[in-house]
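Report on the following structure.
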Amino acid sequence: MAEATITVRNRSGLHARPAATFVRTAAGFGADVRLCNLSRDPGRMASAKSMLAVLGLGVGHGDEIRLEATGADADAAIDTLLALIAGGLGEGMAEATGE
Amino acid sequence: MTTLRGVAAAPGMAAAPPALLEPASASGAPHLALDAAVTEACRQLDRLGARLRDRGLPDESEILEAQALMAADPELLEAAGRRIAAGIAADDAILAAGEEAAAVLEGLPDELLAARAADVRDVAARIARAVRGEAPPQLSRRSILVARDLAPSTTAELDQTLLAGLALEGGSPTAHAAILARALGIPAVVGIPGLLAAASSAAELLVDGNAGLVMLEPGAEDRHRLAHWETELQGRLDAERALHDRPLATADGHRVTLGANIGSPDDASPALRAGAEGVGLFRTEFVFMGRRRAPDEQTQAVAYAQVLRAFGERPVMIRLMDIGGDKPLPFVVLDPEPNPFLGVRAIRLAERDPGLLSTQLRAIVRAAAEAGVPRPLIMAPMVADLADVRRVRALLDEAVSAIGAAVTPQLGIMVEVPSAIVVADQLAREVAFFSIGTNDLTQYLLAADRTNAALAGRQDPMHPAVLRSIASLVAAAKPHGVPVAVCGEMGGDPAGAVILTGLGVSELSMGPASFGAVKRALASVTLAEAHELAKRCLDAPDAATARAWVNERLAG
C-alpha cells in the first residue's frame, strides 16, 4: 500500500471543479485510491474515484488529507495526486484563463 | 395586483402565465435497468453540455460535465444497488441514494459545497426519469417558470423559445440557474419569499429582472413598462442582427478585426458561424488537461491542425501553454507557491525544463505544415522582457529545424506583465504582434488579486492606469508596424471596445457571444469620437468615472 499526507492549499479546497479534476485523475489509475480528511473526520475514508464521496469529506483550504492506494500502480497514483494537490488542483480555470 | 420582491438575477422583462415544473415523483413502471438509465442520463448531460458549448458558453457546459461525473459515481450507484437488492424499485432506489448524498453535502458547513446538493438531486431525478422511461419536463406553452430552485440541466433542457422568464423562491444570483439565465438572455428573479404559494393561482406573471420584482396579474402601468422594454430590446436585437454580416467597424467605416477566443477545436465552428474573422486567442490548455502524462507531439499536432484547418486563411493566434502557477498539471511537478499568479507559470516553466514547451512548439509547426498554414501565429504568455522573447524564439527555431517543414512561424506576445509595457519599444523590434490580456494586466498593474471577491471593484480595465499603459504600448508598437490586439475581457465589453478602438487597437478578440453587442457599440461612434472619448478617459480619476462617461455616450 502506498500512502501520503498533504495539506490542501488551493483557495477553496476540494470543491466542484477542483474535486472533478481530482476524481478524474484518480479514476485514471487501476489502483484503489482512498482518502480521508484528517482535519475534519480522521475516521472516515472515502473513495477518491467518487465525486460525491470526495465532496462529502468537506475538504476546505488548509485541511490536511491522507491518501492511501493499493494495487499495481498505487505509487504512481499517489505521486500524481500529490503533485496535483500541491499544484492547486487547477483552481481558477474558469476565472483565471490568463488574459 | 400583488408585487413580490426578490433579487434581480438576470436582466430583462417578460410577462406570461406561470408554469410549475413538477418534481419527479417516485411512481410508475420501470422501463430501464439502473445501469442503462445511468448511461442514458450521462448521455443527456453530455449532449446538453455540448449544446451550451456550441452556444459559446464553455463555463456553463462544465457544470453539466461535472454532473455527468456525479451520475456515474460508483458510490451513488452502489447505494442505489443496495436498495434494489433489498427489493426497492430502481427509480425509488436512485432517488433515495441521491437524497442521502445530497443530505451529506447539505450538512457541510461550507456554503459552496452545500449548494452542490441541488446538483446531486437533479442528477438522481434525471436517472429516475430514465428508469421510468419518462421524458424530461417541458413547457407546453410560453411561460414564466416558477420553482423553488432550478437545476442548470433543467434550465438548459427547456425549450428556450417557450421559456419567457424565470422566478425562483430560493436560489441566489450566483446559483447556476441564474448564471445560465443571464447567459441565455432569460429575465430572472430569485430569492422570492412566498412565491410558490402566491403564484400557483395567478393567471399571469410579470418578471422584472432589472428591478428584481415579480408582479402577479400585472396592471396597465406594468404592461406599459414591459412594452417599453420590449421595444427597446427589439431595437437592440434588430440592430445586432443587421450587423451580423457586417464587419466590426465604427460609424465612419474604420475597420477593427473581429477575433474569437476559443478553448478547444469544438469551439471553432460556432465561432465561424458567429462571424469571426480569425482567432485572437486559441487557448491550448485543453490538450494538457485531464491527462496523467504530457500529450505527445502527434496528439497535440492533430488538435491544433483541426483548428487551423477550420479557419483556413483566417489568422489563428495560438497561445503557448499558460500552465503552472494557478493552473497545475499532474505531470508538471511544482513546489507549492504562496503566490501562484506571481509564480512559475507559462514560459517561466521552460527555464527549468524546456521539454514541455519544445514539444508544443514542434507540434504547432507540424500542425501548420499539415494544415497548409505557412506563417502560423504563435503567442507567448507571461513575457516580461526581451530575454523571455529570445528564449522562446530559440526554442521555436530549434522546433522549425527539427520538423524541417517550410513553415515560418510569427512569434508574438501576450502583454499582461506590466514590465513588458515599460520595455515595449525593445520588444516591438523583435515580435510580430502584441495581444493585451487585460484581465491579468489589470490585476498586475493595480496589485489587486482578481480571484479575491473583496477586490472585485478594482478589476475594471477602464482604470486610467490601464488605459495609459495600452496607449503607451500602441505608441511603442507603431513605429515598428507591430499590430496591437486585445484578447482580454475588455475587448468583449461594449464600452471597453469603443475605448480600445479610440486608443488605436486594431483587433478585438472575445467570446462569440459578445460579437453583436460590440459591433453595435462600435457602429454608434465615429473613429474621431472614439479617440475623443479615449483621450478623456485617460484623465479620469478612476475606472467607474471613465465607464460612466462612455456609457453615457453609448446610451445617448
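Scheme for the C-alpha cells: letters A, B, ... for chains in order shown; per-chain residue numbers from 1; ligand numbers from 1 in order shown.
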Once you count only C-alpha atoms, which residues of chain A turn out to be within 6 Å of chain B? Could you give them as a short mmCIF file (atom, residue, chain, number, x, y, z; two decimals) with C-alpha atoms, in the first residue's frame?
```
data_model
loop_
_atom_site.label_atom_id
_atom_site.label_comp_id
_atom_site.auth_asym_id
_atom_site.auth_seq_id
_atom_site.Cartn_x
_atom_site.Cartn_y
_atom_site.Cartn_z
CA SER A 50 -16.28 9.02 -6.27
CA MET A 51 -17.14 12.67 -6.84
CA GLY A 56 -18.78 14.78 1.21
CA THR A 80 0.33 12.05 -9.35
CA ALA A 83 1.55 16.70 -7.38
CA LEU A 84 -1.94 17.69 -8.41
CA ALA A 86 0.48 20.56 -4.38
CA GLY A 87 -0.09 22.50 -7.58
CA GLY A 90 -6.42 23.61 -11.41
CA GLU A 99 -5.81 37.00 -20.43
#
```
- Item | Residue neighbourhood region 28-35 of chain A, 8 Å, only C-alpha atoms, exclusion window fewer than 6 positions, as a PyMOL selection string | (chain A and resi 45-49+65-74+77) or (chain B and resi 292)
- Select from region 32-71 of chain A everything DSSP, run on the backbone, classes as helix (DSSP H, G or I), then give the selection as number ranges by chain. A: 51-56
Keeping only all heavy atoms, write the selected residues to a file as a PDB file, in the first residue's frame.
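out-v8.pdb, freshly written:
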```
ATOM      1  N   MET A  51     -16.954  11.226  -6.954  1.00  0.00           N
ATOM      2  CA  MET A  51     -17.137  12.674  -6.836  1.00  0.00           C
ATOM      3  C   MET A  51     -17.916  13.009  -5.559  1.00  0.00           C
ATOM      4  O   MET A  51     -17.544  13.911  -4.807  1.00  0.00           O
ATOM      5  CB  MET A  51     -17.908  13.142  -8.067  1.00  0.00           C
ATOM      6  CG  MET A  51     -18.263  14.595  -8.067  1.00  0.00           C
ATOM      7  SD  MET A  51     -16.836  15.584  -8.540  1.00  0.00           S
ATOM      8  CE  MET A  51     -17.651  17.135  -8.882  1.00  0.00           C
ATOM      9  N   LEU A  52     -19.007  12.265  -5.322  1.00  0.00           N
ATOM     10  CA  LEU A  52     -19.868  12.575  -4.178  1.00  0.00           C
ATOM     11  C   LEU A  52     -19.153  12.306  -2.860  1.00  0.00           C
ATOM     12  O   LEU A  52     -19.270  13.075  -1.910  1.00  0.00           O
ATOM     13  CB  LEU A  52     -21.158  11.767  -4.260  1.00  0.00           C
ATOM     14  CG  LEU A  52     -22.058  12.177  -5.424  1.00  0.00           C
ATOM     15  CD1 LEU A  52     -23.176  11.173  -5.632  1.00  0.00           C
ATOM     16  CD2 LEU A  52     -22.622  13.566  -5.184  1.00  0.00           C
ATOM     17  N   ALA A  53     -18.397  11.211  -2.819  1.00  0.00           N
ATOM     18  CA  ALA A  53     -17.681  10.878  -1.590  1.00  0.00           C
ATOM     19  C   ALA A  53     -16.614  11.934  -1.293  1.00  0.00           C
ATOM     20  O   ALA A  53     -16.436  12.353  -0.151  1.00  0.00           O
ATOM     21  CB  ALA A  53     -17.047   9.495  -1.713  1.00  0.00           C
ATOM     22  N   VAL A  54     -15.926  12.375  -2.338  1.00  0.00           N
ATOM     23  CA  VAL A  54     -14.875  13.379  -2.155  1.00  0.00           C
ATOM     24  C   VAL A  54     -15.489  14.703  -1.699  1.00  0.00           C
ATOM     25  O   VAL A  54     -15.015  15.332  -0.745  1.00  0.00           O
ATOM     26  CB  VAL A  54     -14.054  13.556  -3.459  1.00  0.00           C
ATOM     27  CG1 VAL A  54     -13.140  14.767  -3.358  1.00  0.00           C
ATOM     28  CG2 VAL A  54     -13.225  12.302  -3.741  1.00  0.00           C
ATOM     29  N   LEU A  55     -16.579  15.114  -2.333  1.00  0.00           N
ATOM     30  CA  LEU A  55     -17.254  16.350  -1.913  1.00  0.00           C
ATOM     31  C   LEU A  55     -17.724  16.232  -0.469  1.00  0.00           C
ATOM     32  O   LEU A  55     -17.642  17.176   0.314  1.00  0.00           O
ATOM     33  CB  LEU A  55     -18.462  16.644  -2.810  1.00  0.00           C
ATOM     34  CG  LEU A  55     -18.189  17.076  -4.253  1.00  0.00           C
ATOM     35  CD1 LEU A  55     -19.505  17.220  -5.012  1.00  0.00           C
ATOM     36  CD2 LEU A  55     -17.423  18.379  -4.308  1.00  0.00           C
ATOM     37  N   GLY A  56     -18.215  15.017  -0.118  1.00  0.00           N
ATOM     38  CA  GLY A  56     -18.782  14.780   1.206  1.00  0.00           C
ATOM     39  C   GLY A  56     -17.775  14.887   2.340  1.00  0.00           C
ATOM     40  O   GLY A  56     -18.156  15.023   3.496  1.00  0.00           O
TER      41      GLY A  56
END
```
- Message: Can you tell me which residues surround Leu14 (chain A) at a distance of at most 8 Å, considering only C-alpha atoms, apart from same-chain residues fewer than 2 positions away, and format the answer as number ranges by chain?
- Response: A: 12, 16-19, 54-55, 58-60
- Skipping near chain neighbours, those fewer than 4 positions away, what residues fall within 12 Å of Leu162 (chain B) using only C-alpha atoms, listed as a list in words? Ala14, Ala15, Ala16, Pro17, Pro18, Ala19, Gln138, Leu139, Ser140, Arg141, Arg142, Ser143, Ile144, Leu145, Thr155, Glu157, Leu158, Leu166 and Ile186 of chain B
Restricting it to C-alpha atoms, dump the selection as a PDB file, in the first residue's frame.
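Listing of out_7.pdb after writing:
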```pdb
ATOM      1  CA  ALA B  14     -41.338  39.320 -19.611  1.00  0.00           C
ATOM      2  CA  ALA B  15     -44.993  38.538 -18.901  1.00  0.00           C
ATOM      3  CA  ALA B  16     -46.642  35.139 -19.372  1.00  0.00           C
ATOM      4  CA  PRO B  17     -48.752  32.601 -17.487  1.00  0.00           C
ATOM      5  CA  PRO B  18     -46.863  30.782 -14.729  1.00  0.00           C
ATOM      6  CA  ALA B  19     -45.780  27.177 -15.186  1.00  0.00           C
ATOM      7  CA  GLN B 138     -41.073  20.538 -20.778  1.00  0.00           C
ATOM      8  CA  LEU B 139     -43.164  23.647 -21.098  1.00  0.00           C
ATOM      9  CA  SER B 140     -46.344  23.286 -23.175  1.00  0.00           C
ATOM     10  CA  ARG B 141     -46.658  26.999 -23.978  1.00  0.00           C
ATOM     11  CA  ARG B 142     -44.764  30.244 -23.484  1.00  0.00           C
ATOM     12  CA  SER B 143     -44.483  30.586 -19.696  1.00  0.00           C
ATOM     13  CA  ILE B 144     -42.780  32.094 -16.719  1.00  0.00           C
ATOM     14  CA  LEU B 145     -41.232  29.129 -14.970  1.00  0.00           C
ATOM     15  CA  THR B 155     -32.805  25.193 -17.441  1.00  0.00           C
ATOM     16  CA  GLU B 157     -33.049  21.473 -21.465  1.00  0.00           C
ATOM     17  CA  LEU B 158     -36.191  23.627 -21.622  1.00  0.00           C
ATOM     18  CA  LEU B 166     -37.708  32.592 -14.502  1.00  0.00           C
ATOM     19  CA  ILE B 186     -33.774  34.985 -19.983  1.00  0.00           C
TER      20      ILE B 186
END
```
- Query: Hey, what's within 8 Å of Asn10 (chain A) if we count only C-alpha atoms and toss same-chain stuff fewer than 2 positions away? As a PyMOL selection string, please?
  - Reply: chain A and resi 8+12-13+61+85+87-89+91
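The space separating CA of Ala276 (chain B) from CA of Arg241 (chain B) comes to 14.8 Å.
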- Among region 38-280 of chain B, which ones does DSSP place in strand (DSSP E), written as a ChimeraX atom specification? /B:143-147,163-168,188-190,205-208,213-216,257-262,278-280
- Between CA of Gly209 (chain B) and CA of Ile179 (chain B), what is the distance, to one decimal in Å?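 One can read the CA of Gly209 (chain B) to CA of Ile179 (chain B) distance as 12.9 Å.
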- Within 10 Å of Arg520 (chain B), counting only C-alpha atoms, which residues qualify if same-chain residues fewer than 4 places away don't, as a count of residues only? 18
